[in-house]
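File shown: query_25.txt. Contents: compact mmCIF, C-alpha atoms.
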# COMPACT_ATOMS: atom_id res chain seq x y z
CA MET A 1 0.00 0.00 0.00
CA LYS A 2 2.97 2.35 0.72
CA ILE A 3 4.11 1.85 -2.87
CA LEU A 4 0.81 3.31 -4.12
CA ALA A 5 0.96 6.37 -1.86
CA PRO A 6 2.99 8.57 -4.27
CA PHE A 7 0.63 7.74 -7.13
CA ARG A 8 -2.37 8.66 -4.99
CA PHE A 9 -0.68 11.94 -4.08
CA ILE A 10 -0.08 12.76 -7.74
CA ALA A 11 -3.64 11.74 -8.66
CA GLY A 12 -4.95 13.97 -5.88
CA ILE A 13 -3.15 16.94 -7.40
CA ALA A 14 -4.12 16.16 -11.01
CA LEU A 15 -7.68 15.10 -10.19
CA PRO A 16 -8.66 16.72 -6.88
CA PRO A 17 -11.97 15.84 -5.19
CA ARG A 18 -14.74 18.07 -6.44
CA CYS A 19 -18.02 19.33 -5.04
CA ALA A 20 -20.83 16.99 -6.01
CA GLY A 21 -23.04 19.98 -6.76
CA CYS A 22 -20.90 22.32 -8.86
CA GLY A 23 -17.50 20.72 -9.41
CA THR A 24 -15.48 23.14 -7.32
CA PRO A 25 -12.40 21.45 -5.74
CA VAL A 26 -13.04 20.34 -2.14
CA ALA A 27 -11.04 18.62 0.58
CA GLU A 28 -12.49 15.11 0.22
CA ASP A 29 -14.68 13.02 -2.07
CA HIS A 30 -18.46 13.16 -1.52
CA ARG A 31 -18.22 16.63 0.02
CA PHE A 32 -19.91 19.86 -1.04
CA CYS A 33 -18.52 23.36 -1.30
CA ALA A 34 -19.89 25.91 1.17
CA ILE A 35 -22.28 27.42 -1.38
CA CYS A 36 -23.81 24.11 -2.45
CA TRP A 37 -23.96 22.85 1.14
CA THR A 38 -25.98 25.88 2.24
CA GLY A 39 -28.14 25.42 -0.87
CA LEU A 40 -29.33 22.04 0.37
CA ARG A 41 -32.35 21.89 2.68
CA PHE A 42 -31.73 18.98 5.04
CA LEU A 43 -34.86 17.32 6.39
CA GLY A 44 -35.57 15.98 9.85
CA PRO A 45 -37.90 16.47 12.82
CA PRO A 46 -40.24 18.07 13.56
CA TRP A 47 -42.31 16.13 11.05
CA CYS A 48 -45.54 14.18 10.57
CA ALA A 49 -45.56 11.00 12.66
CA SER A 50 -46.96 9.04 9.70
CA CYS A 51 -45.29 10.31 6.53
CA ASN A 52 -42.39 12.43 7.89
CA ARG A 53 -43.51 15.50 5.98
CA PRO A 54 -41.66 18.32 7.74
CA PHE A 55 -43.56 20.74 9.96
CA ALA A 56 -42.71 24.42 10.31
CA PHE A 57 -42.83 24.02 14.11
CA ASP A 58 -43.01 21.17 16.62
CA ARG A 59 -46.60 19.91 16.97
CA GLY A 60 -45.76 16.97 19.22
CA ASP A 61 -44.39 13.48 18.64
CA ASP A 62 -47.73 12.01 17.53
CA ALA A 63 -48.89 14.91 15.33
CA ARG A 64 -50.00 13.99 11.82
CA CYS A 65 -50.44 16.11 8.72
CA ALA A 66 -53.89 16.65 7.22
CA ALA A 67 -53.22 14.25 4.33
CA CYS A 68 -52.34 11.38 6.69
CA LEU A 69 -55.34 12.06 8.93
CA GLU A 70 -57.59 11.86 5.88
CA ASP A 71 -55.89 8.86 4.26
CA PRO A 72 -53.30 7.05 6.45
CA PRO A 73 -50.42 5.70 4.33
CA ARG A 74 -49.49 2.03 4.03
CA HIS A 75 -45.82 2.79 4.53
CA ALA A 76 -44.09 3.53 7.83
CA GLY A 77 -42.80 6.95 6.82
CA VAL A 78 -40.84 8.71 4.10
CA ARG A 79 -37.40 9.78 5.27
CA ALA A 80 -35.57 11.98 2.78
CA ALA A 81 -32.11 13.46 3.30
CA VAL A 82 -32.97 16.73 1.57
CA ALA A 83 -35.83 18.61 -0.04
CA TYR A 84 -35.87 18.52 -3.84
CA GLY A 85 -34.23 21.67 -5.14
CA PRO A 86 -31.55 22.82 -7.62
CA ILE A 87 -28.57 21.10 -5.94
CA ALA A 88 -30.49 17.94 -5.04
CA ARG A 89 -31.87 17.75 -8.58
CA THR A 90 -28.39 18.17 -10.08
CA LEU A 91 -27.06 15.15 -8.19
CA ALA A 92 -30.08 13.01 -9.03
CA LEU A 93 -29.89 13.82 -12.74
CA ARG A 94 -26.13 13.38 -12.98
CA LEU A 95 -26.41 9.97 -11.33
CA LYS A 96 -29.44 8.77 -13.29
CA TYR A 97 -28.68 10.13 -16.74
CA GLY A 98 -25.04 11.25 -16.58
CA GLY A 99 -23.61 7.99 -15.29
CA ARG A 100 -21.93 9.65 -12.29
CA ILE A 101 -22.29 6.52 -10.19
CA ALA A 102 -20.00 7.84 -7.43
CA PHE A 103 -22.86 10.18 -6.50
CA ALA A 104 -24.75 7.15 -5.18
CA GLU A 105 -22.37 7.09 -2.21
CA THR A 106 -22.60 10.88 -1.86
CA MET A 107 -26.37 10.53 -1.44
CA ALA A 108 -26.07 7.44 0.76
CA ARG A 109 -23.84 9.25 3.25
CA GLN A 110 -26.58 11.80 3.90
CA MET A 111 -29.39 9.21 3.88
CA ARG A 112 -27.63 6.96 6.39
CA ARG A 113 -28.43 9.29 9.31
CA LEU A 114 -32.17 8.76 8.76
CA LEU A 115 -32.11 4.95 8.64
CA PRO A 116 -34.24 3.66 11.56
CA ASP A 117 -32.57 1.18 13.91
CA GLU A 118 -35.34 -1.38 13.45
CA VAL A 119 -34.78 -1.74 9.69
CA ASP A 120 -33.16 -5.08 8.88
CA LEU A 121 -33.38 -5.16 5.06
CA LEU A 122 -32.72 -2.63 2.30
CA VAL A 123 -34.70 -3.09 -0.91
CA PRO A 124 -34.20 -0.74 -3.89
CA VAL A 125 -37.09 0.38 -6.08
CA PRO A 126 -36.58 -1.81 -9.17
CA LEU A 127 -36.42 -0.83 -12.82
CA HIS A 128 -37.86 -2.82 -15.69
CA ARG A 129 -35.19 -4.89 -17.44
CA TRP A 130 -35.45 -2.75 -20.61
CA ARG A 131 -34.71 0.39 -18.58
CA ILE A 132 -31.68 -1.25 -16.98
CA TRP A 133 -30.39 -2.42 -20.36
CA SER A 134 -30.70 1.08 -21.80
CA ARG A 135 -29.27 2.91 -18.77
CA GLY A 136 -26.78 0.29 -17.67
CA PHE A 137 -27.66 0.37 -13.96
CA ASN A 138 -30.40 0.97 -11.41
CA GLN A 139 -29.55 4.13 -9.46
CA ALA A 140 -31.67 3.04 -6.48
CA ALA A 141 -29.72 -0.23 -6.25
CA LEU A 142 -26.42 1.66 -6.30
CA ILE A 143 -27.60 3.89 -3.46
CA ALA A 144 -28.82 0.87 -1.48
CA ASP A 145 -25.44 -0.82 -2.03
CA ALA A 146 -23.68 2.19 -0.53
CA ILE A 147 -26.07 2.44 2.44
CA ALA A 148 -25.57 -1.28 3.14
CA LYS A 149 -21.79 -0.80 3.26
CA LEU A 150 -22.09 2.23 5.53
CA SER A 151 -24.65 0.71 7.91
CA GLY A 152 -24.11 -3.05 7.81
CA VAL A 153 -27.82 -3.60 7.12
CA GLY A 154 -28.64 -6.40 4.67
CA HIS A 155 -29.47 -5.55 1.07
CA ASP A 156 -31.54 -7.57 -1.41
CA ARG A 157 -31.38 -6.31 -5.01
CA THR A 158 -33.61 -8.97 -6.58
CA VAL A 159 -36.48 -9.76 -4.22
CA LEU A 160 -38.62 -6.91 -5.61
CA THR A 161 -39.00 -6.79 -9.40
CA ARG A 162 -40.77 -4.72 -12.03
CA PRO A 163 -42.06 -7.31 -14.52
CA ARG A 164 -44.45 -4.91 -16.22
CA ARG A 165 -43.00 -2.03 -18.21
CA THR A 166 -44.66 1.29 -17.42
CA ILE A 167 -44.81 4.62 -19.19
CA LEU A 168 -42.59 7.49 -18.06
CA LEU A 169 -44.20 9.14 -15.05
CA ARG A 170 -42.64 12.56 -15.60
CA GLY A 171 -45.37 15.14 -16.19
CA LEU A 172 -48.22 12.94 -14.94
CA GLY A 173 -50.54 13.87 -12.09
CA GLY A 174 -50.84 11.84 -8.90
CA ARG A 175 -53.79 9.73 -10.02
CA GLN A 176 -52.25 9.08 -13.43
CA ARG A 177 -49.01 7.97 -11.79
CA ALA A 178 -50.84 5.62 -9.43
CA LYS A 179 -52.76 4.08 -12.32
CA ALA A 180 -49.59 3.68 -14.41
CA VAL A 181 -47.70 1.71 -11.73
CA SER A 182 -50.60 -0.27 -10.32
CA GLY A 183 -49.64 -3.95 -10.33
CA ALA A 184 -46.23 -3.22 -11.88
CA PHE A 185 -44.19 -4.71 -9.02
CA ALA A 186 -43.83 -8.25 -7.71
CA VAL A 187 -41.96 -10.06 -4.94
CA THR A 188 -39.95 -12.99 -6.27
CA ALA A 189 -39.44 -14.81 -2.97
CA PRO A 190 -41.89 -13.92 -0.17
CA GLY A 191 -39.81 -15.84 2.34
CA ARG A 192 -37.01 -13.29 2.01
CA VAL A 193 -39.24 -10.38 3.10
CA ARG A 194 -41.69 -12.11 5.45
CA GLY A 195 -41.50 -10.58 8.91
CA ARG A 196 -38.78 -8.08 7.90
CA ALA A 197 -38.71 -4.35 8.59
CA ILE A 198 -37.81 -2.98 5.16
CA ALA A 199 -36.36 0.30 3.97
CA LEU A 200 -37.41 0.87 0.36
CA VAL A 201 -34.57 2.87 -1.21
CA ASP A 202 -34.96 5.38 -4.06
CA ASP A 203 -33.38 8.58 -5.33
CA VAL A 204 -36.36 10.96 -5.45
CA TYR A 205 -39.81 10.76 -3.84
CA THR A 206 -42.29 12.72 -5.93
CA SER A 207 -45.99 11.84 -5.68
CA GLY A 208 -45.45 8.57 -3.82
CA ALA A 209 -47.21 6.46 -6.48
CA THR A 210 -44.21 4.22 -7.18
CA ALA A 211 -43.30 3.84 -3.51
CA ASP A 212 -46.92 3.04 -2.65
CA ALA A 213 -47.12 0.33 -5.32
CA CYS A 214 -43.85 -1.20 -4.07
CA THR A 215 -45.02 -1.01 -0.46
CA ARG A 216 -48.27 -2.75 -1.36
CA ALA A 217 -46.37 -5.64 -3.00
CA LEU A 218 -43.94 -6.02 -0.07
CA LEU A 219 -46.66 -5.93 2.59
CA LYS A 220 -48.75 -8.42 0.64
CA ALA A 221 -45.71 -10.74 0.62
CA GLY A 222 -45.54 -10.56 4.42
CA ALA A 223 -43.14 -7.72 5.24
CA ARG A 224 -43.61 -6.47 8.80
CA SER A 225 -43.24 -2.83 7.76
CA VAL A 226 -41.97 -0.73 4.86
CA MET A 227 -40.51 2.75 5.22
CA ILE A 228 -39.22 4.85 2.33
CA LEU A 229 -35.63 6.08 2.40
CA CYS A 230 -34.61 8.50 -0.36
CA TRP A 231 -32.17 11.22 -1.28
CA ALA A 232 -34.66 14.00 -2.06
CA ARG A 233 -38.34 14.62 -1.54
CA VAL A 234 -40.53 16.91 -3.59
CA LEU A 235 -42.45 19.07 -1.13
CA PRO A 236 -45.55 21.17 -1.77
CA ALA A 237 -44.89 24.84 -2.42
CA SER A 238 -46.41 25.68 0.96
CA ASP A 239 -43.60 23.78 2.67
CA ASP A 240 -40.81 25.70 0.93

Rewrite the structure of this file - the entire thing - as structure tokens.
Amino acid sequence: MKILAPFRFIAGIALPPRCAGCGTPVAEDHRFCAICWTGLRFLGPPWCASCNRPFAFDRGDDARCAACLEDPPRHAGVRAAVAYGPIARTLALRLKYGGRIAFAETMARQMRRLLPDEVDLLVPVPLHRWRIWSRGFNQAALIADAIAKLSGVGHDRTVLTRPRRTILLRGLGGRQRAKAVSGAFAVTAPGRVRGRAIALVDDVYTSGATADACTRALLKAGARSVMILCWARVLPASDD
């Protein structure tokens, strides 16, 4: 390893670590410059006890938002590292469409802090095989890989599948999204999820239609609980 040290030093000078948001040189990999760091809105309590939607002020540990009071979710919460915004969107797009797979670990490092202690299995939101063949990878699986390495929690890439190809959800309303993904997911081996507390891993949580369809399939297969763990969450304008 000492033999490689000079080469690493030279590489560090020629190719210094860069901010994941803007590319400015930084001290270490997976770090952000001061401007991009302050441009991220990190999420955490106080939040809705059901869906983890952030509150402007502390309403109590058991407080729930109006949406959850009206229609309680199947999942056990949506924990997102940051709110969806310019910097968060840049990382998500560069990972998904730009092939910057190192950003999966950048996201995972911020998501790790929100992983509940009771979770004992990480399951990524799957892509249809045609999407994987065209893109070359599943970004959610890469993020789950990184979280597994950071946390030591088990990770199953294949237990949840997407056998039915769906249309692109971008630009669709909530009901249209839910209809598009209804029945699109399946559990290949119920025994691998039965009785498990699962964290469903994804990059961006938008309307919740995809996560809800995945949660339905996992709970039907016998999972004890399913919470959503993601990099960024799209929040209503009133929350910004």

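Taking all atoms listed in the file into account, A:Ile228 lies nearest to A:Asp203 out of the set A:Glu105, A:Asp203, A:Asp156, A:Asp145.
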
Using only C-alpha atoms, find each residue in stretch 34-115 of chain A having at least one atom no more than 12 Å away from stretch 182-202 of chain A; report its shortest atom-to-atom pair and that distance in Å (one decimal), rows by chain then rising number, as a tab-separated table.
residue	atom	partner	partner_atom	distance
A:His75	CA	A:Leu200	CA	9.6
A:Ala76	CA	A:Ala199	CA	9.2
A:Gly77	CA	A:Ala199	CA	9.7
A:Val78	CA	A:Leu200	CA	9.3
A:Arg79	CA	A:Ala199	CA	9.6
A:Ala80	CA	A:Asp202	CA	9.5
A:Ala81	CA	A:Asp202	CA	11.3
A:Ala92	CA	A:Asp202	CA	10.3
A:Lys96	CA	A:Asp202	CA	11.3
A:Ala104	CA	A:Asp202	CA	10.4
A:Met107	CA	A:Asp202	CA	10.4
A:Ala108	CA	A:Val201	CA	9.8
A:Met111	CA	A:Val201	CA	9.6
A:Arg112	CA	A:Val201	CA	11.1
A:Leu114	CA	A:Ala199	CA	10.6
A:Leu115	CA	A:Ala199	CA	7.8

For the selection just defined, write its residues with C-alpha atoms to a file, as a PDB file, in the frame of the given file.
ATOM      1  CA  HIS A  75     -45.820   2.790   4.530  1.00  0.00           C
ATOM      2  CA  ALA A  76     -44.090   3.530   7.830  1.00  0.00           C
ATOM      3  CA  GLY A  77     -42.800   6.950   6.820  1.00  0.00           C
ATOM      4  CA  VAL A  78     -40.840   8.710   4.100  1.00  0.00           C
ATOM      5  CA  ARG A  79     -37.400   9.780   5.270  1.00  0.00           C
ATOM      6  CA  ALA A  80     -35.570  11.980   2.780  1.00  0.00           C
ATOM      7  CA  ALA A  81     -32.110  13.460   3.300  1.00  0.00           C
ATOM      8  CA  ALA A  92     -30.080  13.010  -9.030  1.00  0.00           C
ATOM      9  CA  LYS A  96     -29.440   8.770 -13.290  1.00  0.00           C
ATOM     10  CA  ALA A 104     -24.750   7.150  -5.180  1.00  0.00           C
ATOM     11  CA  MET A 107     -26.370  10.530  -1.440  1.00  0.00           C
ATOM     12  CA  ALA A 108     -26.070   7.440   0.760  1.00  0.00           C
ATOM     13  CA  MET A 111     -29.390   9.210   3.880  1.00  0.00           C
ATOM     14  CA  ARG A 112     -27.630   6.960   6.390  1.00  0.00           C
ATOM     15  CA  LEU A 114     -32.170   8.760   8.760  1.00  0.00           C
ATOM     16  CA  LEU A 115     -32.110   4.950   8.640  1.00  0.00           C
TER      17      LEU A 115
END

So which one's closest to A:Arg216, A:Arg64, A:Arg74, A:Arg18, A:Arg135? Using only C-alpha atoms, please. A:Arg74

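With only C-alpha atoms as the basis for measurement, A:Cys51 is the residue among A:Cys22, A:Cys51, A:Ala144, A:Gly85 that approaches A:Pro72 most closely.
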
Atom CA of A:Arg113 to atom CA of A:Leu127, straight-line distance in Å: 25.6 Å

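Relative to atom CA of A:Trp130, atom CA of A:Thr90 is found at 24.5 Å.
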
Using only C-alpha atoms, find each residue in stretch 82-142 of chain A having at least one atom no more than 9 Å away from stretch 35-41 of chain A; report its shortest atom-to-atom pair and that distance in Å (one decimal), rows by chain then rising number, as CSV.
residue,atom,partner,partner_atom,distance
A:Val82,CA,A:Arg41,CA,5.3
A:Ala83,CA,A:Arg41,CA,5.5
A:Tyr84,CA,A:Arg41,CA,8.1
A:Gly85,CA,A:Leu40,CA,7.4
A:Pro86,CA,A:Gly39,CA,8.0
A:Ile87,CA,A:Leu40,CA,6.4
A:Ala88,CA,A:Leu40,CA,6.9

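Between A:Arg89 and the residues A:Pro126, A:Pro54, A:Gly21, A:Gly60, the shortest atom-to-atom distance, using all atoms listed in the file, involves A:Gly21.
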
Shell of 10 Å around A:His128, only C-alpha atoms, local chain residues under 3 positions omitted, as a PyMOL selection string: chain A and resi 131-133+138+161-166+184-185

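When all atoms listed in the file are used to compute distances to A:Ala148, the closest of the residues A:Pro124, A:Ser134, A:Ala27, A:Ala217 turns out to be A:Pro124.
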
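Relative to atom CA of A:Gly208, atom CA of A:Ala20 is found at 26.1 Å.
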
Of A:Ala213, A:Tyr97, A:Ala102, A:Pro46, the one nearest to A:Asp58 when counting only C-alpha atoms is A:Pro46

Model the absent atoms of stretch 96-118 of chain A so that N, CA, C and O atoms are present, and write the result as a PDB file, in the frame of the given file.
ATOM      1  N   LYS A  96     -28.496   9.558 -12.490  1.00  0.00           N
ATOM      2  CA  LYS A  96     -29.440   8.770 -13.290  1.00  0.00           C
ATOM      3  C   LYS A  96     -29.115   8.810 -14.781  1.00  0.00           C
ATOM      4  O   LYS A  96     -29.105   7.774 -15.457  1.00  0.00           O
ATOM      5  N   TYR A  97     -28.844   9.991 -15.297  1.00  0.00           N
ATOM      6  CA  TYR A  97     -28.680  10.130 -16.740  1.00  0.00           C
ATOM      7  C   TYR A  97     -27.239  10.447 -17.172  1.00  0.00           C
ATOM      8  O   TYR A  97     -26.897  10.280 -18.336  1.00  0.00           O
ATOM      9  N   GLY A  98     -26.409  10.901 -16.238  1.00  0.00           N
ATOM     10  CA  GLY A  98     -25.040  11.250 -16.580  1.00  0.00           C
ATOM     11  C   GLY A  98     -24.034  10.167 -16.234  1.00  0.00           C
ATOM     12  O   GLY A  98     -22.841  10.322 -16.516  1.00  0.00           O
ATOM     13  N   GLY A  99     -24.506   9.084 -15.615  1.00  0.00           N
ATOM     14  CA  GLY A  99     -23.610   7.990 -15.290  1.00  0.00           C
ATOM     15  C   GLY A  99     -22.604   8.294 -14.201  1.00  0.00           C
ATOM     16  O   GLY A  99     -21.601   7.591 -14.076  1.00  0.00           O
ATOM     17  N   ARG A 100     -22.856   9.305 -13.377  1.00  0.00           N
ATOM     18  CA  ARG A 100     -21.930   9.650 -12.290  1.00  0.00           C
ATOM     19  C   ARG A 100     -22.241   8.766 -11.086  1.00  0.00           C
ATOM     20  O   ARG A 100     -22.805   9.208 -10.088  1.00  0.00           O
ATOM     21  N   ILE A 101     -21.868   7.496 -11.197  1.00  0.00           N
ATOM     22  CA  ILE A 101     -22.290   6.520 -10.190  1.00  0.00           C
ATOM     23  C   ILE A 101     -21.674   6.766  -8.817  1.00  0.00           C
ATOM     24  O   ILE A 101     -22.192   6.283  -7.804  1.00  0.00           O
ATOM     25  N   ALA A 102     -20.583   7.516  -8.737  1.00  0.00           N
ATOM     26  CA  ALA A 102     -20.000   7.840  -7.430  1.00  0.00           C
ATOM     27  C   ALA A 102     -20.959   8.671  -6.591  1.00  0.00           C
ATOM     28  O   ALA A 102     -20.875   8.669  -5.354  1.00  0.00           O
ATOM     29  N   PHE A 103     -21.894   9.376  -7.240  1.00  0.00           N
ATOM     30  CA  PHE A 103     -22.860  10.180  -6.500  1.00  0.00           C
ATOM     31  C   PHE A 103     -23.807   9.331  -5.675  1.00  0.00           C
ATOM     32  O   PHE A 103     -24.461   9.842  -4.751  1.00  0.00           O
ATOM     33  N   ALA A 104     -23.906   8.036  -5.988  1.00  0.00           N
ATOM     34  CA  ALA A 104     -24.750   7.150  -5.180  1.00  0.00           C
ATOM     35  C   ALA A 104     -24.243   7.118  -3.744  1.00  0.00           C
ATOM     36  O   ALA A 104     -25.031   7.160  -2.791  1.00  0.00           O
ATOM     37  N   GLU A 105     -22.932   7.073  -3.568  1.00  0.00           N
ATOM     38  CA  GLU A 105     -22.370   7.090  -2.210  1.00  0.00           C
ATOM     39  C   GLU A 105     -22.527   8.471  -1.577  1.00  0.00           C
ATOM     40  O   GLU A 105     -22.754   8.587  -0.367  1.00  0.00           O
ATOM     41  N   THR A 106     -22.404   9.524  -2.386  1.00  0.00           N
ATOM     42  CA  THR A 106     -22.600  10.880  -1.860  1.00  0.00           C
ATOM     43  C   THR A 106     -23.991  10.995  -1.244  1.00  0.00           C
ATOM     44  O   THR A 106     -24.150  11.525  -0.138  1.00  0.00           O
ATOM     45  N   MET A 107     -24.995  10.506  -1.946  1.00  0.00           N
ATOM     46  CA  MET A 107     -26.370  10.530  -1.440  1.00  0.00           C
ATOM     47  C   MET A 107     -26.509   9.629  -0.219  1.00  0.00           C
ATOM     48  O   MET A 107     -27.133   9.994   0.791  1.00  0.00           O
ATOM     49  N   ALA A 108     -25.941   8.427  -0.310  1.00  0.00           N
ATOM     50  CA  ALA A 108     -26.070   7.440   0.760  1.00  0.00           C
ATOM     51  C   ALA A 108     -25.518   7.970   2.078  1.00  0.00           C
ATOM     52  O   ALA A 108     -26.066   7.686   3.156  1.00  0.00           O
ATOM     53  N   ARG A 109     -24.448   8.723   2.029  1.00  0.00           N
ATOM     54  CA  ARG A 109     -23.840   9.250   3.250  1.00  0.00           C
ATOM     55  C   ARG A 109     -24.791  10.186   3.992  1.00  0.00           C
ATOM     56  O   ARG A 109     -24.776  10.242   5.219  1.00  0.00           O
ATOM     57  N   GLN A 110     -25.613  10.912   3.264  1.00  0.00           N
ATOM     58  CA  GLN A 110     -26.580  11.800   3.900  1.00  0.00           C
ATOM     59  C   GLN A 110     -27.858  11.053   4.303  1.00  0.00           C
ATOM     60  O   GLN A 110     -28.522  11.428   5.276  1.00  0.00           O
ATOM     61  N   MET A 111     -28.191   9.998   3.573  1.00  0.00           N
ATOM     62  CA  MET A 111     -29.390   9.210   3.880  1.00  0.00           C
ATOM     63  C   MET A 111     -29.180   8.312   5.093  1.00  0.00           C
ATOM     64  O   MET A 111     -30.118   7.986   5.813  1.00  0.00           O
ATOM     65  N   ARG A 112     -27.940   7.897   5.312  1.00  0.00           N
ATOM     66  CA  ARG A 112     -27.630   6.960   6.390  1.00  0.00           C
ATOM     67  C   ARG A 112     -28.123   7.446   7.748  1.00  0.00           C
ATOM     68  O   ARG A 112     -28.597   6.649   8.583  1.00  0.00           O
ATOM     69  N   ARG A 113     -28.050   8.751   8.001  1.00  0.00           N
ATOM     70  CA  ARG A 113     -28.430   9.290   9.310  1.00  0.00           C
ATOM     71  C   ARG A 113     -29.917   9.105   9.615  1.00  0.00           C
ATOM     72  O   ARG A 113     -30.324   9.165  10.776  1.00  0.00           O
ATOM     73  N   LEU A 114     -30.722   8.879   8.587  1.00  0.00           N
ATOM     74  CA  LEU A 114     -32.170   8.760   8.760  1.00  0.00           C
ATOM     75  C   LEU A 114     -32.655   7.309   8.762  1.00  0.00           C
ATOM     76  O   LEU A 114     -33.848   7.056   8.846  1.00  0.00           O
ATOM     77  N   LEU A 115     -31.728   6.361   8.666  1.00  0.00           N
ATOM     78  CA  LEU A 115     -32.110   4.950   8.640  1.00  0.00           C
ATOM     79  C   LEU A 115     -32.532   4.502  10.043  1.00  0.00           C
ATOM     80  O   LEU A 115     -31.722   4.522  10.975  1.00  0.00           O
ATOM     81  N   PRO A 116     -33.792   4.084  10.228  1.00  0.00           N
ATOM     82  CA  PRO A 116     -34.240   3.660  11.560  1.00  0.00           C
ATOM     83  C   PRO A 116     -33.502   2.410  12.037  1.00  0.00           C
ATOM     84  O   PRO A 116     -33.136   1.545  11.240  1.00  0.00           O
ATOM     85  N   ASP A 117     -33.290   2.311  13.336  1.00  0.00           N
ATOM     86  CA  ASP A 117     -32.570   1.180  13.910  1.00  0.00           C
ATOM     87  C   ASP A 117     -33.265  -0.150  13.664  1.00  0.00           C
ATOM     88  O   ASP A 117     -32.611  -1.190  13.575  1.00  0.00           O
ATOM     89  N   GLU A 118     -34.600  -0.117  13.585  1.00  0.00           N
ATOM     90  CA  GLU A 118     -35.340  -1.380  13.450  1.00  0.00           C
ATOM     91  C   GLU A 118     -35.293  -1.981  12.047  1.00  0.00           C
ATOM     92  O   GLU A 118     -35.673  -3.142  11.850  1.00  0.00           O
TER      93      GLU A 118
END
